[in-house]
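S.K.: You'll find target.cif just under this line, and it carries mmCIF, C-alpha atoms and all ligand atoms.
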```
data_target
#
loop_
_atom_site.label_atom_id
_atom_site.label_comp_id
_atom_site.auth_asym_id
_atom_site.auth_seq_id
_atom_site.Cartn_x
_atom_site.Cartn_y
_atom_site.Cartn_z
CA MET A 1018 0.00 0.00 0.00
CA ASN A 1019 1.21 3.51 -0.74
CA ALA A 1020 0.48 6.72 1.16
CA SER A 1021 -2.91 7.20 -0.48
CA GLY A 1022 -3.96 3.76 0.61
CA ASN A 1023 -3.78 2.29 -2.87
CA ASP A 1024 -2.07 -0.83 -4.00
CA ALA A 1025 0.95 0.85 -5.60
CA ALA A 1026 1.41 -1.93 -8.12
CA LEU A 1027 -2.04 -1.48 -9.63
CA GLN A 1028 -2.52 1.53 -11.89
CA THR A 1029 -5.28 2.79 -14.13
CA CYS A 1030 -5.30 5.46 -16.83
CA VAL A 1031 -7.89 6.83 -19.23
CA LEU A 1032 -6.12 6.61 -22.59
CA THR A 1033 -8.66 8.61 -24.60
CA PRO A 1034 -9.81 12.23 -24.26
CA ILE A 1035 -12.79 12.02 -21.90
CA GLY A 1036 -16.17 12.86 -23.40
CA ARG A 1037 -14.92 13.37 -26.96
CA GLY A 1038 -15.04 10.11 -28.89
CA ALA A 1039 -17.83 7.55 -29.08
CA ILE A 1040 -15.62 5.02 -27.33
CA ALA A 1041 -13.23 5.54 -24.45
CA THR A 1042 -10.35 3.32 -23.40
CA VAL A 1043 -9.49 2.74 -19.76
CA ALA A 1044 -6.31 0.77 -19.15
CA VAL A 1045 -5.34 -1.03 -15.98
CA ARG A 1046 -2.04 -2.70 -15.24
CA GLY A 1047 -0.47 -4.59 -12.38
CA ALA A 1048 -0.10 -8.12 -11.12
CA THR A 1049 -3.74 -8.18 -9.95
CA ALA A 1050 -5.20 -6.39 -13.01
CA ALA A 1051 -7.03 -9.42 -14.38
CA GLU A 1052 -8.38 -10.36 -10.95
CA ILE A 1053 -9.75 -6.84 -10.31
CA VAL A 1054 -11.32 -6.52 -13.77
CA GLY A 1055 -12.83 -9.97 -13.27
CA LYS A 1056 -14.74 -8.61 -10.26
CA TYR A 1057 -16.75 -6.31 -12.53
CA PHE A 1058 -16.55 -7.79 -15.99
CA CYS A 1059 -19.36 -10.18 -16.89
CA PRO A 1060 -18.77 -11.65 -20.34
CA ASN A 1061 -21.77 -12.12 -22.59
CA ALA A 1062 -20.71 -15.72 -23.15
CA GLY A 1063 -18.12 -18.10 -21.76
CA SER A 1064 -15.79 -17.66 -18.84
CA SER A 1065 -14.26 -14.37 -17.79
CA HIS A 1066 -10.79 -15.62 -18.68
CA LEU A 1067 -8.95 -13.02 -20.81
CA PRO A 1068 -6.59 -14.44 -23.42
CA ILE A 1069 -4.00 -11.92 -24.60
CA ASP A 1070 -4.99 -9.82 -27.62
CA ARG A 1071 -8.44 -11.41 -27.83
CA ILE A 1072 -11.50 -9.25 -27.49
CA ARG A 1073 -14.25 -10.24 -25.05
CA TYR A 1074 -17.67 -8.59 -25.07
CA GLY A 1075 -19.63 -8.11 -21.90
CA VAL A 1076 -21.00 -5.72 -19.32
CA TRP A 1077 -19.49 -3.89 -16.39
CA SER A 1078 -21.56 -4.32 -13.27
CA ARG A 1079 -20.93 -3.56 -9.66
CA ASP A 1080 -22.62 -6.64 -8.24
CA ALA A 1081 -24.29 -9.75 -9.55
CA ASP A 1082 -27.79 -8.53 -8.66
CA SER A 1083 -27.45 -5.26 -10.45
CA ALA A 1084 -28.87 -5.46 -13.96
CA ILE A 1085 -27.48 -2.03 -14.76
CA GLY A 1086 -24.21 -2.37 -16.56
CA GLU A 1087 -22.18 -0.64 -19.19
CA SER A 1088 -21.63 -2.60 -22.39
CA ILE A 1089 -17.93 -2.99 -22.77
CA VAL A 1090 -15.20 -4.74 -24.62
CA VAL A 1091 -12.24 -6.03 -22.68
CA CYS A 1092 -8.91 -7.02 -24.10
CA ALA A 1093 -5.74 -8.12 -22.34
CA THR A 1094 -2.74 -6.57 -24.10
CA ALA A 1095 -0.24 -8.35 -21.86
CA GLU A 1096 -0.23 -10.76 -18.92
CA THR A 1097 -0.70 -7.90 -16.48
CA GLU A 1098 -2.32 -5.25 -18.63
CA ILE A 1099 -5.95 -4.91 -19.67
CA GLU A 1100 -7.79 -2.41 -21.83
CA ILE A 1101 -11.45 -1.71 -21.23
CA HIS A 1102 -13.28 -0.07 -24.11
CA CYS A 1103 -16.51 1.52 -22.99
CA HIS A 1104 -19.00 4.19 -23.98
CA GLY A 1105 -17.11 7.47 -24.47
CA GLY A 1106 -19.27 9.60 -22.18
CA ARG A 1107 -17.80 10.91 -18.97
CA ALA A 1108 -20.27 9.02 -16.75
CA ALA A 1109 -19.32 5.58 -18.08
CA VAL A 1110 -15.61 6.31 -17.93
CA GLU A 1111 -15.75 7.69 -14.41
CA ALA A 1112 -17.88 4.79 -13.18
CA ILE A 1113 -15.34 2.24 -14.39
CA VAL A 1114 -12.32 4.19 -13.17
CA GLY A 1115 -14.11 4.71 -9.84
CA ASP A 1116 -14.62 0.96 -9.42
CA LEU A 1117 -10.97 0.27 -10.25
CA VAL A 1118 -9.80 2.90 -7.78
CA ALA A 1119 -12.16 1.49 -5.13
CA SER A 1120 -10.44 -1.85 -5.73
CA GLY A 1121 -7.04 -0.37 -4.99
CA ALA A 1122 -5.85 0.98 -8.32
CA GLU A 1123 -4.02 4.28 -8.45
CA ARG A 1124 -5.32 6.61 -11.16
CA ILE A 1125 -2.49 8.16 -13.14
CA GLY A 1126 -2.24 10.55 -16.10
CA GLY A 1127 -1.24 9.63 -19.63
CA ASP A 1128 2.33 10.91 -19.18
CA SER A 1129 2.91 8.81 -16.07
CA TRP A 1130 1.38 5.82 -17.80
CA LEU A 1131 3.97 6.13 -20.54
CA GLN A 1132 6.87 6.44 -18.10
CA GLY A 1133 6.59 2.73 -17.46
CA ARG A 1134 7.00 2.06 -21.17
CA SER A 1135 10.51 3.26 -21.89
CA ASP A 1136 11.07 0.24 -24.14
CA ASN A 1137 8.60 1.58 -26.64
CA PHE A 1138 8.02 5.14 -25.53
CA LEU A 1139 7.58 6.76 -28.93
CA SER A 1140 5.04 4.22 -30.10
CA SER A 1141 3.04 4.51 -26.88
CA GLU A 1142 3.09 8.29 -27.11
CA CYS A 1143 1.62 8.07 -30.61
CA GLN A 1144 -0.98 5.62 -29.33
CA LEU A 1145 -2.29 8.39 -27.07
CA ALA A 1146 -2.42 10.75 -30.05
CA LEU A 1147 -4.34 8.17 -32.06
CA ALA A 1148 -7.28 8.52 -29.71
CA ALA A 1149 -7.67 12.18 -30.68
CA THR A 1150 -7.76 11.61 -34.44
CA GLN A 1151 -11.11 11.89 -36.16
CA THR A 1152 -10.55 11.06 -39.82
CA PRO A 1153 -8.98 8.14 -41.71
CA THR A 1154 -6.26 10.48 -43.04
CA THR A 1155 -5.22 11.73 -39.64
CA ALA A 1156 -5.50 8.28 -38.03
CA GLY A 1157 -3.35 6.87 -40.87
CA ILE A 1158 -0.58 9.37 -40.17
CA VAL A 1159 -0.53 8.47 -36.47
CA LEU A 1160 -0.73 4.72 -37.17
CA ASP A 1161 2.34 4.97 -39.40
CA GLN A 1162 4.26 6.34 -36.41
CA ILE A 1163 2.89 3.66 -34.07
CA ARG A 1164 4.24 1.15 -36.57
CA GLY A 1165 7.64 2.80 -36.37
CA ALA A 1166 8.06 5.24 -39.30
CA LEU A 1167 9.35 8.10 -37.15
CA ALA A 1168 11.45 5.77 -34.97
CA THR A 1169 13.13 4.28 -38.05
CA ALA A 1170 13.89 7.69 -39.57
CA THR A 1171 15.21 8.96 -36.25
CA GLN A 1172 17.40 5.89 -35.79
CA ALA A 1173 18.81 6.40 -39.29
CA ALA A 1174 19.69 10.01 -38.47
CA ILE A 1175 21.43 8.83 -35.27
CA GLU A 1176 23.50 6.38 -37.36
CA GLN A 1177 24.47 9.22 -39.71
CA LEU A 1178 25.60 11.31 -36.76
CA ARG A 1179 27.67 8.37 -35.48
CA SER A 1180 29.42 8.05 -38.83
CA ALA A 1181 30.10 11.81 -38.67
CA ASN A 1182 27.81 12.59 -41.57
CA LEU A 1183 26.38 15.76 -40.06
CA GLU A 1184 25.11 17.20 -43.30
CA ALA A 1185 23.04 14.14 -44.23
CA ALA A 1186 21.68 13.93 -40.67
CA GLY A 1187 20.79 17.62 -40.79
CA GLN A 1188 18.90 17.17 -44.06
CA ALA A 1189 17.02 14.14 -42.75
CA ILE A 1190 16.03 16.00 -39.60
CA GLN A 1191 14.96 19.06 -41.59
CA THR A 1192 12.72 16.85 -43.75
CA LEU A 1193 11.00 15.62 -40.58
CA ILE A 1194 10.67 19.15 -39.20
CA ASP A 1195 9.11 20.31 -42.48
CA ARG A 1196 6.45 17.61 -42.08
CA ALA A 1197 5.39 18.92 -38.68
CA PRO A 1198 2.15 20.45 -40.07
CA LEU A 1199 1.01 16.92 -40.98
CA GLY A 1200 1.51 15.77 -37.41
CA ARG A 1201 0.02 18.95 -36.04
CA GLY A 1202 -3.11 18.37 -38.12
CA ALA A 1203 -3.27 14.75 -37.03
CA SER A 1204 -3.15 15.49 -33.31
CA LYS A 1205 -5.53 18.42 -33.07
CA PRO A 1206 -7.89 20.23 -35.43
CA PHE A 1207 -6.51 23.03 -37.55
CA ARG A 1208 -8.02 26.34 -36.52
CA VAL A 1209 -9.31 28.46 -39.38
CA VAL A 1210 -10.56 31.90 -38.42
CA ILE A 1211 -13.03 33.75 -40.62
CA ALA A 1212 -12.55 37.48 -40.13
CA GLY A 1213 -13.94 40.61 -41.70
CA PRO A 1214 -16.39 43.46 -41.12
CA PRO A 1215 -20.09 42.75 -40.52
CA ASN A 1216 -22.28 41.65 -43.40
CA VAL A 1217 -19.59 40.52 -45.83
CA GLY A 1218 -20.82 36.92 -45.60
CA LYS A 1219 -18.65 35.34 -42.87
CA SER A 1220 -21.46 33.27 -41.36
CA SER A 1221 -22.73 32.25 -44.79
CA LEU A 1222 -19.23 31.14 -45.72
CA LEU A 1223 -18.89 29.16 -42.50
CA ASN A 1224 -22.12 27.34 -43.29
CA ARG A 1225 -20.99 26.66 -46.85
CA LEU A 1226 -17.71 25.18 -45.65
CA LEU A 1227 -19.54 23.05 -43.09
CA GLY A 1228 -21.91 21.78 -45.74
CA TYR A 1229 -19.01 20.70 -47.90
CA ASP A 1230 -18.29 16.96 -47.78
CA ARG A 1231 -21.58 16.59 -45.91
CA ALA A 1232 -19.41 16.51 -42.83
CA ILE A 1233 -20.90 16.09 -39.42
CA ALA A 1234 -20.50 19.45 -37.77
CA TYR A 1235 -21.07 20.21 -34.17
CA ASP A 1236 -20.71 23.19 -31.92
CA GLN A 1237 -17.76 23.20 -29.61
CA PRO A 1238 -18.51 23.73 -25.94
CA GLY A 1239 -16.73 26.52 -24.13
CA THR A 1240 -16.46 28.93 -27.01
CA THR A 1241 -16.41 32.61 -26.19
CA ARG A 1242 -19.62 34.52 -26.57
CA ASP A 1243 -18.76 36.38 -29.73
CA VAL A 1244 -17.07 33.53 -31.58
CA LEU A 1245 -19.02 30.80 -33.25
CA SER A 1246 -17.07 27.65 -33.82
CA ALA A 1247 -17.81 24.36 -35.48
CA ARG A 1248 -15.83 21.39 -36.71
CA THR A 1249 -15.78 19.78 -40.09
CA THR A 1250 -13.41 17.88 -42.32
CA LEU A 1251 -11.81 19.35 -45.41
CA GLY A 1252 -9.69 17.10 -47.59
CA GLY A 1253 -9.51 14.50 -44.81
CA TRP A 1254 -8.31 16.98 -42.17
CA THR A 1255 -10.21 17.99 -39.08
CA ILE A 1256 -10.83 21.72 -39.19
CA GLU A 1257 -12.25 23.97 -36.54
CA LEU A 1258 -13.89 26.92 -38.25
CA ARG A 1259 -14.28 30.06 -36.21
CA ASP A 1260 -16.57 32.90 -37.23
CA THR A 1261 -15.21 35.89 -35.37
CA ALA A 1262 -18.51 37.70 -35.13
CA GLY A 1263 -20.76 34.80 -34.37
CA ILE A 1264 -23.01 36.79 -32.11
CA HIS A 1265 -24.30 39.46 -34.36
CA GLU A 1266 -24.21 43.20 -34.13
CA THR A 1267 -24.56 44.15 -30.53
CA ALA A 1268 -25.32 47.84 -30.83
CA GLU A 1269 -22.16 49.28 -29.31
CA ALA A 1270 -19.74 47.02 -31.12
CA ILE A 1271 -21.12 47.03 -34.62
CA GLU A 1272 -18.26 48.78 -36.41
CA ARG A 1273 -15.36 47.23 -34.62
CA GLU A 1274 -16.52 43.66 -34.19
CA GLY A 1275 -14.43 42.32 -37.05
CA VAL A 1276 -11.21 43.94 -35.93
CA GLN A 1277 -11.60 43.24 -32.24
CA SER A 1278 -12.44 39.58 -32.54
CA ALA A 1279 -9.80 39.10 -35.20
CA ARG A 1280 -7.19 40.54 -32.86
CA ARG A 1281 -8.04 37.96 -30.19
CA GLU A 1282 -8.42 35.08 -32.59
CA VAL A 1283 -5.55 35.33 -35.01
CA GLN A 1284 -2.89 34.50 -32.45
CA SER A 1285 -4.09 30.92 -32.16
CA ALA A 1286 -5.15 30.54 -35.79
CA ASP A 1287 -3.51 28.21 -38.29
CA ALA A 1288 -5.09 30.15 -41.16
CA VAL A 1289 -7.08 33.37 -41.32
CA LEU A 1290 -9.62 34.21 -44.00
CA ILE A 1291 -10.27 37.90 -44.52
CA VAL A 1292 -13.64 38.18 -46.17
CA VAL A 1293 -14.46 41.09 -48.47
CA ASP A 1294 -17.86 41.97 -49.89
CA ALA A 1295 -16.77 42.12 -53.52
CA SER A 1296 -19.59 44.56 -54.34
CA VAL A 1297 -18.28 46.97 -51.69
CA GLY A 1298 -14.56 46.33 -51.95
CA TRP A 1299 -11.61 46.41 -49.57
CA THR A 1300 -12.14 48.87 -46.68
CA PRO A 1301 -9.91 50.47 -44.04
CA GLU A 1302 -11.28 47.90 -41.58
CA HIS A 1303 -9.84 45.14 -43.80
CA ASP A 1304 -6.50 46.92 -43.63
CA GLU A 1305 -6.64 46.84 -39.84
CA ILE A 1306 -7.34 43.10 -39.78
CA ALA A 1307 -4.71 42.39 -42.44
CA LYS A 1308 -2.10 44.14 -40.28
CA LEU A 1309 -2.64 41.49 -37.58
CA VAL A 1310 -2.15 38.50 -39.86
CA PRO A 1311 1.14 37.55 -41.52
CA ASN A 1312 -0.36 35.61 -44.40
CA PRO A 1313 -4.13 36.04 -44.70
CA ILE A 1314 -6.26 34.36 -47.34
CA ARG A 1315 -8.31 37.13 -48.93
CA VAL A 1316 -11.77 36.00 -49.97
CA TRP A 1317 -13.81 38.14 -52.37
CA ASN A 1318 -17.33 37.00 -51.48
CA LYS A 1319 -20.66 37.96 -53.08
CA ALA A 1320 -18.96 37.52 -56.45
CA ASP A 1321 -22.42 36.98 -57.91
CA LEU A 1322 -23.04 40.72 -57.46
CA ILE A 1323 -20.11 41.88 -59.60
CA ASP A 1324 -18.46 41.37 -62.95
CA VAL A 1325 -15.49 39.27 -61.83
CA GLU A 1326 -13.58 39.71 -65.09
CA ALA A 1327 -13.60 43.47 -64.63
CA MET A 1328 -11.75 43.23 -61.28
CA PRO A 1329 -8.06 44.10 -61.29
CA ASP A 1330 -5.83 41.01 -60.87
CA ALA A 1331 -8.90 38.79 -61.09
CA ALA A 1332 -6.81 35.71 -61.88
CA GLU A 1333 -4.94 35.93 -58.55
CA LYS A 1334 -8.00 36.49 -56.39
CA ILE A 1335 -10.30 33.96 -54.75
CA PHE A 1336 -13.90 34.81 -55.61
CA THR A 1337 -16.75 33.05 -53.83
CA SER A 1338 -20.49 33.16 -53.80
CA THR A 1339 -22.27 31.53 -50.92
CA LEU A 1340 -25.46 31.68 -52.98
CA SER A 1341 -24.19 29.66 -55.96
CA GLN A 1342 -21.33 27.84 -54.17
CA ALA A 1343 -19.00 29.19 -56.87
CA GLY A 1344 -15.38 29.37 -55.79
CA ILE A 1345 -15.79 27.30 -52.60
CA ASP A 1346 -13.55 24.55 -54.02
CA ASP A 1347 -10.83 27.12 -54.81
CA LEU A 1348 -11.14 28.51 -51.31
CA ILE A 1349 -10.80 25.05 -49.74
CA ALA A 1350 -7.74 24.35 -51.90
CA ALA A 1351 -6.16 27.64 -50.74
CA ILE A 1352 -6.89 26.83 -47.08
CA LEU A 1353 -5.40 23.34 -47.35
CA GLN A 1354 -2.37 24.66 -49.22
CA GLN A 1355 -1.64 27.03 -46.36
CA LEU A 1356 -2.27 24.46 -43.61
CA ILE A 1357 -0.36 21.58 -45.19
CA PRO A 1358 2.27 22.85 -47.63
CA GLN A 1359 3.81 19.35 -47.72
CA PRO A 1360 1.84 16.60 -49.44
CA HIS A 1361 1.29 13.50 -47.37
CA ALA A 1362 2.17 9.97 -48.49
CA ALA A 1363 1.38 6.69 -46.75
CA GLY A 1364 4.14 5.40 -44.51
CA MET A 1365 5.77 8.81 -44.10
CA ALA A 1366 7.75 9.52 -40.95
CA VAL A 1367 6.05 12.48 -39.26
CA PRO A 1368 6.51 14.07 -35.82
CA ILE A 1369 3.11 14.02 -34.10
CA THR A 1370 3.54 15.79 -30.78
CA ASP A 1371 5.06 19.12 -29.76
CA ARG A 1372 7.59 17.14 -27.73
CA GLN A 1373 8.74 15.15 -30.75
CA LEU A 1374 9.06 18.31 -32.83
CA ALA A 1375 11.02 20.07 -30.06
CA CYS A 1376 13.51 17.15 -29.93
CA LEU A 1377 14.05 17.45 -33.69
CA GLN A 1378 14.51 21.21 -33.48
CA GLU A 1379 17.00 20.86 -30.64
CA ALA A 1380 18.91 18.21 -32.59
CA GLN A 1381 18.96 20.54 -35.59
CA ALA A 1382 20.28 23.42 -33.48
CA ALA A 1383 23.05 21.14 -32.16
CA ILE A 1384 24.01 20.16 -35.71
CA ALA A 1385 24.12 23.85 -36.66
CA SER A 1386 26.81 24.27 -34.00
CA SER A 1387 28.56 21.09 -35.21
CA ASP A 1388 27.76 19.21 -31.99
CA ALA A 1389 26.98 15.70 -33.23
CA THR A 1390 27.02 14.21 -29.73
CA SER A 1391 24.42 16.58 -28.39
CA ALA A 1392 22.32 16.16 -31.55
CA ALA A 1393 22.32 12.40 -31.02
CA VAL A 1394 21.24 12.88 -27.40
CA HIS A 1395 18.21 14.89 -28.52
CA LEU A 1396 17.28 12.21 -31.06
CA GLN A 1397 17.65 9.49 -28.39
CA ARG A 1398 15.32 11.54 -26.22
CA LEU A 1399 12.84 11.63 -29.09
CA LEU A 1400 12.87 7.82 -29.11
CA ARG A 1401 12.93 7.13 -25.39
CA GLY A 1402 11.31 10.12 -23.71
P1 LIG B 1 -21.50 38.27 -41.77
O1 LIG B 1 -22.09 39.39 -40.98
O2 LIG B 1 -20.17 38.63 -42.32
O3 LIG B 1 -21.47 36.99 -41.02
O4 LIG B 1 -22.45 38.06 -43.06
P2 LIG B 1 -23.65 37.05 -43.28
O5 LIG B 1 -23.14 35.71 -43.62
O6 LIG B 1 -24.57 37.15 -42.13
O7 LIG B 1 -24.30 37.63 -44.59
C1 LIG B 1 -24.75 38.99 -44.65
C2 LIG B 1 -25.73 39.13 -45.78
O8 LIG B 1 -25.08 38.90 -47.03
C3 LIG B 1 -26.88 38.13 -45.74
O9 LIG B 1 -28.05 38.76 -46.16
C4 LIG B 1 -26.46 37.06 -46.74
O10 LIG B 1 -27.55 36.40 -47.31
C5 LIG B 1 -25.72 37.88 -47.76
N1 LIG B 1 -24.71 37.09 -48.48
C6 LIG B 1 -23.75 36.28 -47.93
N2 LIG B 1 -23.00 35.74 -48.90
C7 LIG B 1 -23.48 36.18 -50.08
C8 LIG B 1 -23.10 35.98 -51.45
O11 LIG B 1 -22.16 35.24 -51.78
N3 LIG B 1 -23.82 36.66 -52.40
C9 LIG B 1 -24.83 37.49 -52.08
N4 LIG B 1 -25.47 38.10 -53.07
N5 LIG B 1 -25.22 37.71 -50.79
C10 LIG B 1 -24.55 37.07 -49.81
ZN ZN B 2 -21.96 36.59 -39.14
#
```
As structure tokens, what does this structure read like?
Ligand code: GDP
Ligand code: ZN
M.R.:
Amino acid sequence: MNASGNDAALQTCVLTPIGRGAIATVAVRGATAAEIVGKYFCPNAGSSHLPIDRIRYGVWSRDADSAIGESIVVCATAETEIEIHCHGGRAAVEAIVGDLVASGAERIGGDSWLQGRSDNFLSSECQLALAATQTPTTAGIVLDQIRGALATATQAAIEQLRSANLEAAGQAIQTLIDRAPLGRGASKPFRVVIAGPPNVGKSSLLNRLLGYDRAIAYDQPGTTRDVLSARTTLGGWTIELRDTAGIHETAEAIEREGVQSARREVQSADAVLIVVDASVGWTPEHDEIAKLVPNPIRVWNKADLIDVEAMPDAAEKIFTSTLSQAGIDDLIAAILQQLIPQPHAAGMAVPITDRQLACLQEAQAAIASSDATSAAVHLQRLLRG
């Protein structure tokens, strides 16, 4: 027993973001893991024995008399380690974790869970990231790393450093760093902010982009009052669209709403659309927003109201109409180009987490100062945590 009264050898961890996915995974490990799970797990058929890597269906119930149980799937991943896959809602997850803790398990966070996995740290770290992916594209990128793409590329760079080939190692590391947007997009949604003065068509554009792909869109909880946000997929990537003036035209803020919300929003944005009413043109307010954004995507909306050909530099501009849907494909292509400048290919080595990227950047900095030893240390840290 440890200080908190728990059996120190028995640990449990929720491996998935709570309340986000349809399914959550609770893991439990320790010499008595199977015994404890067996107290609650009632298989639909057969004995409660758990062969390794075989899935068993059943319910989770607190006592034999209680008919109330959560439908679950249980799978032993090792002699002393079991995964419980249950309904993704917070209540189901907390009920199961609560029972495990009541039986002596210590609840630990994802980082601590991984500490015990130094043999395969990188792969386990990516496993946690897999739970947050929401599209086949993003899951595929993470799965490639679980299967060892990043580990193999990193190991190869370490070998190059050992044979004093700093330049080749530096190029290999730079290639991985350049792919960071792919990993970034795989581990959390890209944030695309739609900015502009009132009435240019921001909300209409947001709805058009949501309708694209017939994606399932849902409101995000916890958004600020004057920002409307919703998620969709574009080109296989999860995108969080944010309309900076979601709550319309409160009397006192009508002129400045675009600028003020843009100022708050652009800092955390991966791409910013500045929307122009093409029949009105670029205004001083657009200038103010553009000043805040290094590389905005200018969108000339309401193109149906003007003669596009008569516009100066028409060929270089993105014209959209939310009425006819014209130009929406071009706009999506421009957004994706900015978010993911590097094309993705199956099997590619990609850094997924901020930690992995930081290790690569530190290794690159060491190579820049011709310190092969230190560079190799950073790459080892990438592999082993
Ligand atoms: P926001 O204030 O920037 O969010 O603008 P809204 O999306 O609320 O649109 C303002 C007005 O412009 C509404 O009456 C829309 O129907 C209209 N509108 C939006 N997009 C277009 C477009 O592409 N063409 C035309 N003709 N009207 C549009
Ligand atoms: Zn609006």
S.K.: Here is a test: counting all atoms listed in the file, which residue of A:Tyr1057, A:Tyr1074, A:Trp1130, A:Phe1207 is nearest to Val1114 of chain A?
M.R.: A:Tyr1057
S.K.: Please report the interatomic distance between atom CA of Glu1123 of chain A and atom CA of Ala1048 of chain A in Å with one decimal.
M.R.: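 Spanning atom CA of Glu1123 of chain A to atom CA of Ala1048 of chain A is a straight-line distance of 13.3 Å.
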S.K.: Mind giving me the axis-aligned box for segment 1330-1342 of chain A with 8 Å on every side, centre plus edges in Å to one decimal, as JSON?
M.R.:
```
{"center_x": -15.2, "center_y": 34.4, "center_z": -56.4, "size_x": 36.5, "size_y": 29.2, "size_z": 27.0}
```
S.K.: Under the rule that all atoms listed in the file are counted, which of A:Gln1188, A:Ser1220, A:Thr1042, A:Thr1152 is the nearest residue to ligand ZN 2 (chain B)?
M.R.: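 Under the stated criterion, the closest residue is A:Ser1220.
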S.K.: Could you tell me, counting only C-alpha atoms and all ligand atoms, which protein and nucleic acid residues lie no more than 7 Å from ligand LIG 1 (chain B), written as a list in words?
M.R.: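 Final answer, ordered by chain and number: Gly1213, Pro1214, Pro1215, Asn1216, Val1217, Gly1218, Lys1219, Ser1220, Ser1221, Leu1222, Ala1262, His1265, Asn1318, Lys1319, Ala1320, Asp1321, Leu1322, Thr1337, Ser1338, Thr1339 and Leu1340 of chain A.
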S.K.: Which value, in Å to one decimal, gives the distance between atom CA of Gln1172 of chain A and atom CA of Ala1363 of chain A?
M.R.: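 Interatomic distance here is 19.4 Å.
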S.K.: Return the single residue from A:His1361, A:Arg1398, A:Gly1344, A:Ser1246 that is closest to ligand ZN 2 (chain B), with distances computed using all atoms listed in the file.
M.R.: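 With all atoms listed in the file as the atom set, the closest residue is A:Ser1246.
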S.K.: How many Å separate atom CA of Arg1196 of chain A from atom CA of Gln1359 of chain A?
M.R.: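 Separation of atom CA of Arg1196 of chain A and atom CA of Gln1359 of chain A: 6.5 Å.
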S.K.: So, counting all atoms listed in the file, which residue among A:Ser1296, A:Thr1169, A:Thr1150, A:Ser1065 is closest to Gln1397 of chain A?
M.R.: A:Thr1169
S.K.: Would you kindly return, as a count of residues only, each protein, DNA or RNA residue with an atom no farther than 7 Å from any atom of Ile1256 of chain A, considering all atoms listed in the file and excluding same-chain residues fewer than 5 positions away?
M.R.: 8
S.K.: Could you check the closest approach to ligand ZN 2 (chain B) for each of A:Ser1285, A:Asn1224, A:Thr1255, A:Thr1155 and tell me which residue wins, using only C-alpha atoms and all ligand atoms?
M.R.: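 Using only C-alpha atoms and all ligand atoms, ligand ZN 2 (chain B) sits closest to A:Asn1224.
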S.K.: Go through A:Ile1306, A:Ala1170, A:Leu1353, A:Ala1186 and flag the residue nearest Gly1202 of chain A, using all atoms listed in the file for the distances.
M.R.: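 Looking only at the distances to Gly1202 of chain A, the closest residue turns out to be A:Leu1353.
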S.K.: Skipping near chain neighbours, those fewer than 2 positions away, what residues fall within 9 Å of Arg1046 of chain A using only C-alpha atoms, listed as a PDB file with C-alpha atoms, in the frame of the given file?
M.R.:
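New file selection-v7.pdb:
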```
ATOM      1  CA  ALA A1026       1.410  -1.930  -8.120  1.00  0.00           C
ATOM      2  CA  LEU A1027      -2.040  -1.480  -9.630  1.00  0.00           C
ATOM      3  CA  GLN A1028      -2.520   1.530 -11.890  1.00  0.00           C
ATOM      4  CA  THR A1029      -5.280   2.790 -14.130  1.00  0.00           C
ATOM      5  CA  CYS A1030      -5.300   5.460 -16.830  1.00  0.00           C
ATOM      6  CA  ALA A1044      -6.310   0.770 -19.150  1.00  0.00           C
ATOM      7  CA  ALA A1048      -0.100  -8.120 -11.120  1.00  0.00           C
ATOM      8  CA  THR A1049      -3.740  -8.180  -9.950  1.00  0.00           C
ATOM      9  CA  ALA A1050      -5.200  -6.390 -13.010  1.00  0.00           C
ATOM     10  CA  ALA A1051      -7.030  -9.420 -14.380  1.00  0.00           C
ATOM     11  CA  ALA A1095      -0.240  -8.350 -21.860  1.00  0.00           C
ATOM     12  CA  THR A1097      -0.700  -7.900 -16.480  1.00  0.00           C
ATOM     13  CA  GLU A1098      -2.320  -5.250 -18.630  1.00  0.00           C
ATOM     14  CA  ILE A1099      -5.950  -4.910 -19.670  1.00  0.00           C
ATOM     15  CA  GLU A1100      -7.790  -2.410 -21.830  1.00  0.00           C
ATOM     16  CA  ALA A1122      -5.850   0.980  -8.320  1.00  0.00           C
TER      17      ALA A1122
END
```
S.K.: Quick one: residues within 8 Å of Ala1389 of chain A, all atoms listed in the file, excluding same-chain residues fewer than 6 positions away - as a JSON list (two decimals) with C-alpha atoms, keeping the file's coordinate frame?
M.R.:
```json
[["chain", "number", "residue", "atom", "x", "y", "z"],
["A", 1178, "LEU", "CA", 25.60, 11.31, -36.76],
["A", 1179, "ARG", "CA", 27.67, 8.37, -35.48],
["A", 1181, "ALA", "CA", 30.10, 11.81, -38.67],
["A", 1183, "LEU", "CA", 26.38, 15.76, -40.06],
["A", 1383, "ALA", "CA", 23.05, 21.14, -32.16]]
```
